[in-house]
Every structure is written in structure tokens, then in C-alpha cells.
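Okay, final_24.pdb now, which holds PDB, N, CA and C atoms, pLDDT in the B column:
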ATOM      1  N   GLY X 347       4.934 -55.863-111.747  1.00 80.00           N
ATOM      2  CA  GLY X 347       3.763 -56.448-111.179  1.00 80.00           C
ATOM      3  C   GLY X 347       3.628 -56.204-109.690  1.00 80.00           C
ATOM      4  N   GLN X 348       4.680 -55.659-109.037  1.00 82.00           N
ATOM      5  CA  GLN X 348       4.593 -55.410-107.592  1.00 82.00           C
ATOM      6  C   GLN X 348       3.491 -54.413-107.252  1.00 82.00           C
ATOM      7  N   CYS X 349       3.297 -53.430-108.127  1.00 83.00           N
ATOM      8  CA  CYS X 349       2.246 -52.439-107.859  1.00 83.00           C
ATOM      9  C   CYS X 349       0.864 -53.090-107.911  1.00 83.00           C
ATOM     10  N   VAL X 350       0.685 -54.017-108.826  1.00 87.00           N
ATOM     11  CA  VAL X 350      -0.597 -54.718-108.945  1.00 87.00           C
ATOM     12  C   VAL X 350      -0.850 -55.553-107.695  1.00 87.00           C
ATOM     13  N   LEU X 351       0.177 -56.202-107.203  1.00 87.00           N
ATOM     14  CA  LEU X 351       0.035 -56.998-105.988  1.00 87.00           C
ATOM     15  C   LEU X 351      -0.236 -56.115-104.768  1.00 87.00           C
ATOM     16  N   THR X 352       0.340 -54.923-104.757  1.00 90.00           N
ATOM     17  CA  THR X 352       0.179 -54.013-103.629  1.00 90.00           C
ATOM     18  C   THR X 352      -1.195 -53.366-103.604  1.00 90.00           C
ATOM     19  N   ASP X 353      -1.680 -52.952-104.781  1.00 91.00           N
ATOM     20  CA  ASP X 353      -2.988 -52.276-104.840  1.00 91.00           C
ATOM     21  C   ASP X 353      -3.723 -52.637-106.134  1.00 91.00           C
ATOM     22  N   PRO X 354      -4.309 -53.816-106.195  1.00 93.00           N
ATOM     23  CA  PRO X 354      -4.984 -54.272-107.416  1.00 93.00           C
ATOM     24  C   PRO X 354      -6.252 -53.487-107.764  1.00 93.00           C
ATOM     25  N   ASP X 355      -6.743 -52.671-106.829  1.00 93.00           N
ATOM     26  CA  ASP X 355      -7.897 -51.835-107.141  1.00 93.00           C
ATOM     27  C   ASP X 355      -7.493 -50.627-107.989  1.00 93.00           C
ATOM     28  N   VAL X 356      -6.227 -50.263-107.945  1.00 94.00           N
ATOM     29  CA  VAL X 356      -5.735 -49.078-108.652  1.00 94.00           C
ATOM     30  C   VAL X 356      -4.885 -49.448-109.862  1.00 94.00           C
ATOM     31  N   PHE X 357      -4.141 -50.549-109.772  1.00 93.00           N
ATOM     32  CA  PHE X 357      -3.219 -50.938-110.833  1.00 93.00           C
ATOM     33  C   PHE X 357      -3.565 -52.301-111.420  1.00 93.00           C
ATOM     34  N   ASP X 358      -3.285 -52.451-112.696  1.00 94.00           N
ATOM     35  CA  ASP X 358      -3.397 -53.740-113.374  1.00 94.00           C
ATOM     36  C   ASP X 358      -2.179 -53.852-114.279  1.00 94.00           C
ATOM     37  N   GLN X 359      -2.027 -55.002-114.902  1.00 92.00           N
ATOM     38  CA  GLN X 359      -0.898 -55.228-115.790  1.00 92.00           C
ATOM     39  C   GLN X 359      -1.412 -55.789-117.105  1.00 92.00           C
ATOM     40  N   SER X 360      -0.941 -55.223-118.199  1.00 92.00           N
ATOM     41  CA  SER X 360      -1.362 -55.653-119.529  1.00 92.00           C
ATOM     42  C   SER X 360      -0.919 -57.084-119.786  1.00 92.00           C
ATOM     43  N   ASP X 361      -1.838 -57.901-120.280  1.00 92.00           N
ATOM     44  CA  ASP X 361      -1.503 -59.277-120.641  1.00 92.00           C
ATOM     45  C   ASP X 361      -0.607 -59.323-121.874  1.00 92.00           C
ATOM     46  N   GLU X 362      -0.715 -58.317-122.714  1.00 94.00           N
ATOM     47  CA  GLU X 362       0.039 -58.300-123.967  1.00 94.00           C
ATOM     48  C   GLU X 362       1.518 -58.013-123.776  1.00 94.00           C
ATOM     49  N   ASP X 363       1.836 -56.946-123.036  1.00 92.00           N
ATOM     50  CA  ASP X 363       3.245 -56.564-122.929  1.00 92.00           C
ATOM     51  C   ASP X 363       3.729 -56.339-121.499  1.00 92.00           C
ATOM     52  N   GLY X 364       2.867 -56.546-120.522  1.00 88.00           N
ATOM     53  CA  GLY X 364       3.280 -56.446-119.127  1.00 88.00           C
ATOM     54  C   GLY X 364       3.357 -55.037-118.578  1.00 88.00           C
ATOM     55  N   THR X 365       2.968 -54.028-119.358  1.00 88.00           N
ATOM     56  CA  THR X 365       3.017 -52.668-118.848  1.00 88.00           C
ATOM     57  C   THR X 365       1.941 -52.452-117.790  1.00 88.00           C
ATOM     58  N   VAL X 366       2.204 -51.499-116.919  1.00 89.00           N
ATOM     59  CA  VAL X 366       1.269 -51.168-115.849  1.00 89.00           C
ATOM     60  C   VAL X 366       0.126 -50.347-116.421  1.00 89.00           C
ATOM     61  N   VAL X 367      -1.082 -50.681-115.990  1.00 92.00           N
ATOM     62  CA  VAL X 367      -2.276 -49.952-116.385  1.00 92.00           C
ATOM     63  C   VAL X 367      -2.856 -49.331-115.113  1.00 92.00           C
ATOM     64  N   VAL X 368      -3.059 -48.016-115.129  1.00 93.00           N
ATOM     65  CA  VAL X 368      -3.665 -47.328-113.992  1.00 93.00           C
ATOM     66  C   VAL X 368      -5.181 -47.376-114.169  1.00 93.00           C
ATOM     67  N   LEU X 369      -5.861 -47.979-113.209  1.00 95.00           N
ATOM     68  CA  LEU X 369      -7.308 -48.150-113.287  1.00 95.00           C
ATOM     69  C   LEU X 369      -8.066 -46.971-112.684  1.00 95.00           C
ATOM     70  N   VAL X 370      -7.470 -46.327-111.699  1.00 94.00           N
ATOM     71  CA  VAL X 370      -8.119 -45.226-110.993  1.00 94.00           C
ATOM     72  C   VAL X 370      -7.161 -44.043-110.983  1.00 94.00           C
ATOM     73  N   GLU X 371      -7.538 -42.978-111.664  1.00 90.00           N
ATOM     74  CA  GLU X 371      -6.643 -41.814-111.771  1.00 90.00           C
ATOM     75  C   GLU X 371      -6.503 -41.067-110.449  1.00 90.00           C
ATOM     76  N   ARG X 372      -7.570 -41.009-109.674  1.00 92.00           N
ATOM     77  CA  ARG X 372      -7.553 -40.279-108.403  1.00 92.00           C
ATOM     78  C   ARG X 372      -8.105 -41.185-107.291  1.00 92.00           C
ATOM     79  N   PRO X 373      -7.280 -42.103-106.808  1.00 92.00           N
ATOM     80  CA  PRO X 373      -7.749 -43.031-105.775  1.00 92.00           C
ATOM     81  C   PRO X 373      -7.986 -42.320-104.445  1.00 92.00           C
ATOM     82  N   ASP X 374      -8.908 -42.851-103.664  1.00 89.00           N
ATOM     83  CA  ASP X 374      -9.228 -42.294-102.353  1.00 89.00           C
ATOM     84  C   ASP X 374      -8.163 -42.643-101.314  1.00 89.00           C
ATOM     85  N   ASP X 375      -7.691 -43.865-101.335  1.00 87.00           N
ATOM     86  CA  ASP X 375      -6.719 -44.338-100.349  1.00 87.00           C
ATOM     87  C   ASP X 375      -5.314 -44.251-100.938  1.00 87.00           C
ATOM     88  N   LEU X 376      -4.556 -43.258-100.539  1.00 92.00           N
ATOM     89  CA  LEU X 376      -3.223 -43.057-101.098  1.00 92.00           C
ATOM     90  C   LEU X 376      -2.147 -43.867-100.388  1.00 92.00           C
ATOM     91  N   GLU X 377      -2.455 -44.450 -99.248  1.00 94.00           N
ATOM     92  CA  GLU X 377      -1.443 -45.203 -98.505  1.00 94.00           C
ATOM     93  C   GLU X 377      -0.892 -46.373 -99.338  1.00 94.00           C
ATOM     94  N   LYS X 378      -1.785 -47.173 -99.901  1.00 93.00           N
ATOM     95  CA  LYS X 378      -1.348 -48.309-100.726  1.00 93.00           C
ATOM     96  C   LYS X 378      -0.689 -47.828-102.019  1.00 93.00           C
ATOM     97  N   VAL X 379      -1.188 -46.734-102.582  1.00 92.00           N
ATOM     98  CA  VAL X 379      -0.606 -46.196-103.811  1.00 92.00           C
ATOM     99  C   VAL X 379       0.826 -45.745-103.548  1.00 92.00           C
ATOM    100  N   ARG X 380       1.048 -45.050-102.444  1.00 93.00           N
ATOM    101  CA  ARG X 380       2.410 -44.623-102.087  1.00 93.00           C
ATOM    102  C   ARG X 380       3.340 -45.824-101.945  1.00 93.00           C
ATOM    103  N   GLU X 381       2.846 -46.870-101.307  1.00 93.00           N
ATOM    104  CA  GLU X 381       3.649 -48.080-101.136  1.00 93.00           C
ATOM    105  C   GLU X 381       3.979 -48.710-102.493  1.00 93.00           C
ATOM    106  N   ALA X 382       2.991 -48.781-103.374  1.00 91.00           N
ATOM    107  CA  ALA X 382       3.209 -49.363-104.703  1.00 91.00           C
ATOM    108  C   ALA X 382       4.249 -48.567-105.489  1.00 91.00           C
ATOM    109  N   VAL X 383       4.165 -47.242-105.421  1.00 90.00           N
ATOM    110  CA  VAL X 383       5.141 -46.397-106.106  1.00 90.00           C
ATOM    111  C   VAL X 383       6.535 -46.631-105.516  1.00 90.00           C
ATOM    112  N   HIS X 384       6.603 -46.732-104.198  1.00 92.00           N
ATOM    113  CA  HIS X 384       7.891 -46.912-103.514  1.00 92.00           C
ATOM    114  C   HIS X 384       8.562 -48.244-103.859  1.00 92.00           C
ATOM    115  N   ILE X 385       7.784 -49.316-103.965  1.00 91.00           N
ATOM    116  CA  ILE X 385       8.388 -50.631-104.180  1.00 91.00           C
ATOM    117  C   ILE X 385       8.546 -51.011-105.648  1.00 91.00           C
ATOM    118  N   CYS X 386       8.097 -50.170-106.557  1.00 86.00           N
ATOM    119  CA  CYS X 386       8.218 -50.475-107.987  1.00 86.00           C
ATOM    120  C   CYS X 386       9.701 -50.635-108.341  1.00 86.00           C
ATOM    121  N   PRO X 387      10.129 -51.830-108.741  1.00 84.00           N
ATOM    122  CA  PRO X 387      11.553 -52.076-108.971  1.00 84.00           C
ATOM    123  C   PRO X 387      12.141 -51.265-110.124  1.00 84.00           C
ATOM    124  N   SER X 388      11.347 -50.926-111.099  1.00 81.00           N
ATOM    125  CA  SER X 388      11.871 -50.159-112.237  1.00 81.00           C
ATOM    126  C   SER X 388      11.694 -48.653-112.048  1.00 81.00           C
ATOM    127  N   GLN X 389      11.061 -48.267-110.927  1.00 84.00           N
ATOM    128  CA  GLN X 389      10.776 -46.859-110.630  1.00 84.00           C
ATOM    129  C   GLN X 389      10.003 -46.195-111.778  1.00 84.00           C
ATOM    130  N   ALA X 390       9.100 -46.958-112.371  1.00 82.00           N
ATOM    131  CA  ALA X 390       8.307 -46.480-113.499  1.00 82.00           C
ATOM    132  C   ALA X 390       7.094 -45.676-113.048  1.00 82.00           C
ATOM    133  N   LEU X 391       6.795 -45.687-111.759  1.00 87.00           N
ATOM    134  CA  LEU X 391       5.619 -44.999-111.256  1.00 87.00           C
ATOM    135  C   LEU X 391       6.016 -43.759-110.457  1.00 87.00           C
ATOM    136  N   SER X 392       5.153 -42.782-110.498  1.00 88.00           N
ATOM    137  CA  SER X 392       5.320 -41.612-109.637  1.00 88.00           C
ATOM    138  C   SER X 392       3.939 -41.170-109.184  1.00 88.00           C
ATOM    139  N   LEU X 393       3.915 -40.415-108.104  1.00 88.00           N
ATOM    140  CA  LEU X 393       2.662 -39.937-107.541  1.00 88.00           C
ATOM    141  C   LEU X 393       2.730 -38.420-107.467  1.00 88.00           C
ATOM    142  N   VAL X 394       1.731 -37.784-108.020  1.00 88.00           N
ATOM    143  CA  VAL X 394       1.623 -36.322-107.961  1.00 88.00           C
ATOM    144  C   VAL X 394       0.340 -36.010-107.207  1.00 88.00           C
ATOM    145  N   GLU X 395       0.482 -35.305-106.101  1.00 79.00           N
ATOM    146  CA  GLU X 395      -0.680 -34.966-105.291  1.00 79.00           C
ATOM    147  C   GLU X 395      -1.054 -33.510-105.516  1.00 79.00           C
ATOM    148  N   ASP X 396      -2.363 -33.277-105.636  1.00 76.00           N
ATOM    149  CA  ASP X 396      -2.868 -31.918-105.822  1.00 76.00           C
ATOM    150  C   ASP X 396      -2.829 -31.140-104.529  1.00 76.00           C
TER     151      ASP X 396
END

Give the structure from the file, written as C-alpha cells.
Amino acid sequence: GQCVLTDPDVFDQSDEDGTVVVLVERPDDLEKVREAVHICPSQALSLVED
């Protein structure tokens, strides 16, 4: 849930099983996305830049 708290415009969390849901595939502001990826405790997120 740390990613959701960091950037709720890009990430959400499933009510059913708690998995991360990506709301925006190509966000404009990558600063918050980078932070969310960095602080994810399970390291379940990654960022690939074109």
C-alpha cells in the first residue's frame, strides 16, 4: 500500500486481495512513481522508461 499512499493517481490497491493496481500505464510525472517503486517493501514494482 506504500505505492498507493505515495502516488494515488497512478496506483490503487485491490479490495479483494490487496494487490497493486496500476491506473496509469504512462504517467506524466515520474518523480512520484520512482519514489513509489523505490519504497515498495516487497519490491513488487519496477519502472521501465522508453

- Fewer than 2 positions away in the same chain doesn't count, so skip those; otherwise give me all residues within 9 Å of Asp358 of chain X, counting only C-alpha atoms, as a PyMOL selection string. chain X and resi 347+349-351+353-356+360+365-369

- Message: Rounded to one decimal, what separation in Å do you get between atom CA of Val370 of chain X and atom CA of Phe357 of chain X?
- Response: 7.5 Å

- Task: Report the residues of chain X whose backbone DSSP state falls under strand (DSSP E or B), written as a list in words.
- Result: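 Output for chain X, strand (DSSP E or B) only: Phe357, Asp358, Gln359, Val366, Val367 and Val368 of chain X.
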
- To one decimal in Å, tell me the separation between atom N of Cys386 of chain X and atom C of Gly364 of chain X. 13.8 Å

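Considering only chain X, backbone DSSP assigns helix (DSSP H, G or I) to Gln348, Cys349, Val350, Leu351, Thr352, Leu376, Glu377, Lys378, Val379, Arg380, Glu381, Ala382, Val383, His384 and Ile385 of chain X.
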
- Task: Can you work out the spacing between atom N of Pro373 of chain X and atom N of Glu395 of chain X in Å, to one decimal?
- Result: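 Calculated distance between atom N of Pro373 of chain X and atom N of Glu395 of chain X is 10.3 Å.
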
- Quick one: which residues end up in the PyMOL selection byres (((chain X and resi 381 and name CA) around 12) and name CA) for this structure, as a ChimeraX atom specification? /X:348-353,375-380,382-387,389,391-393
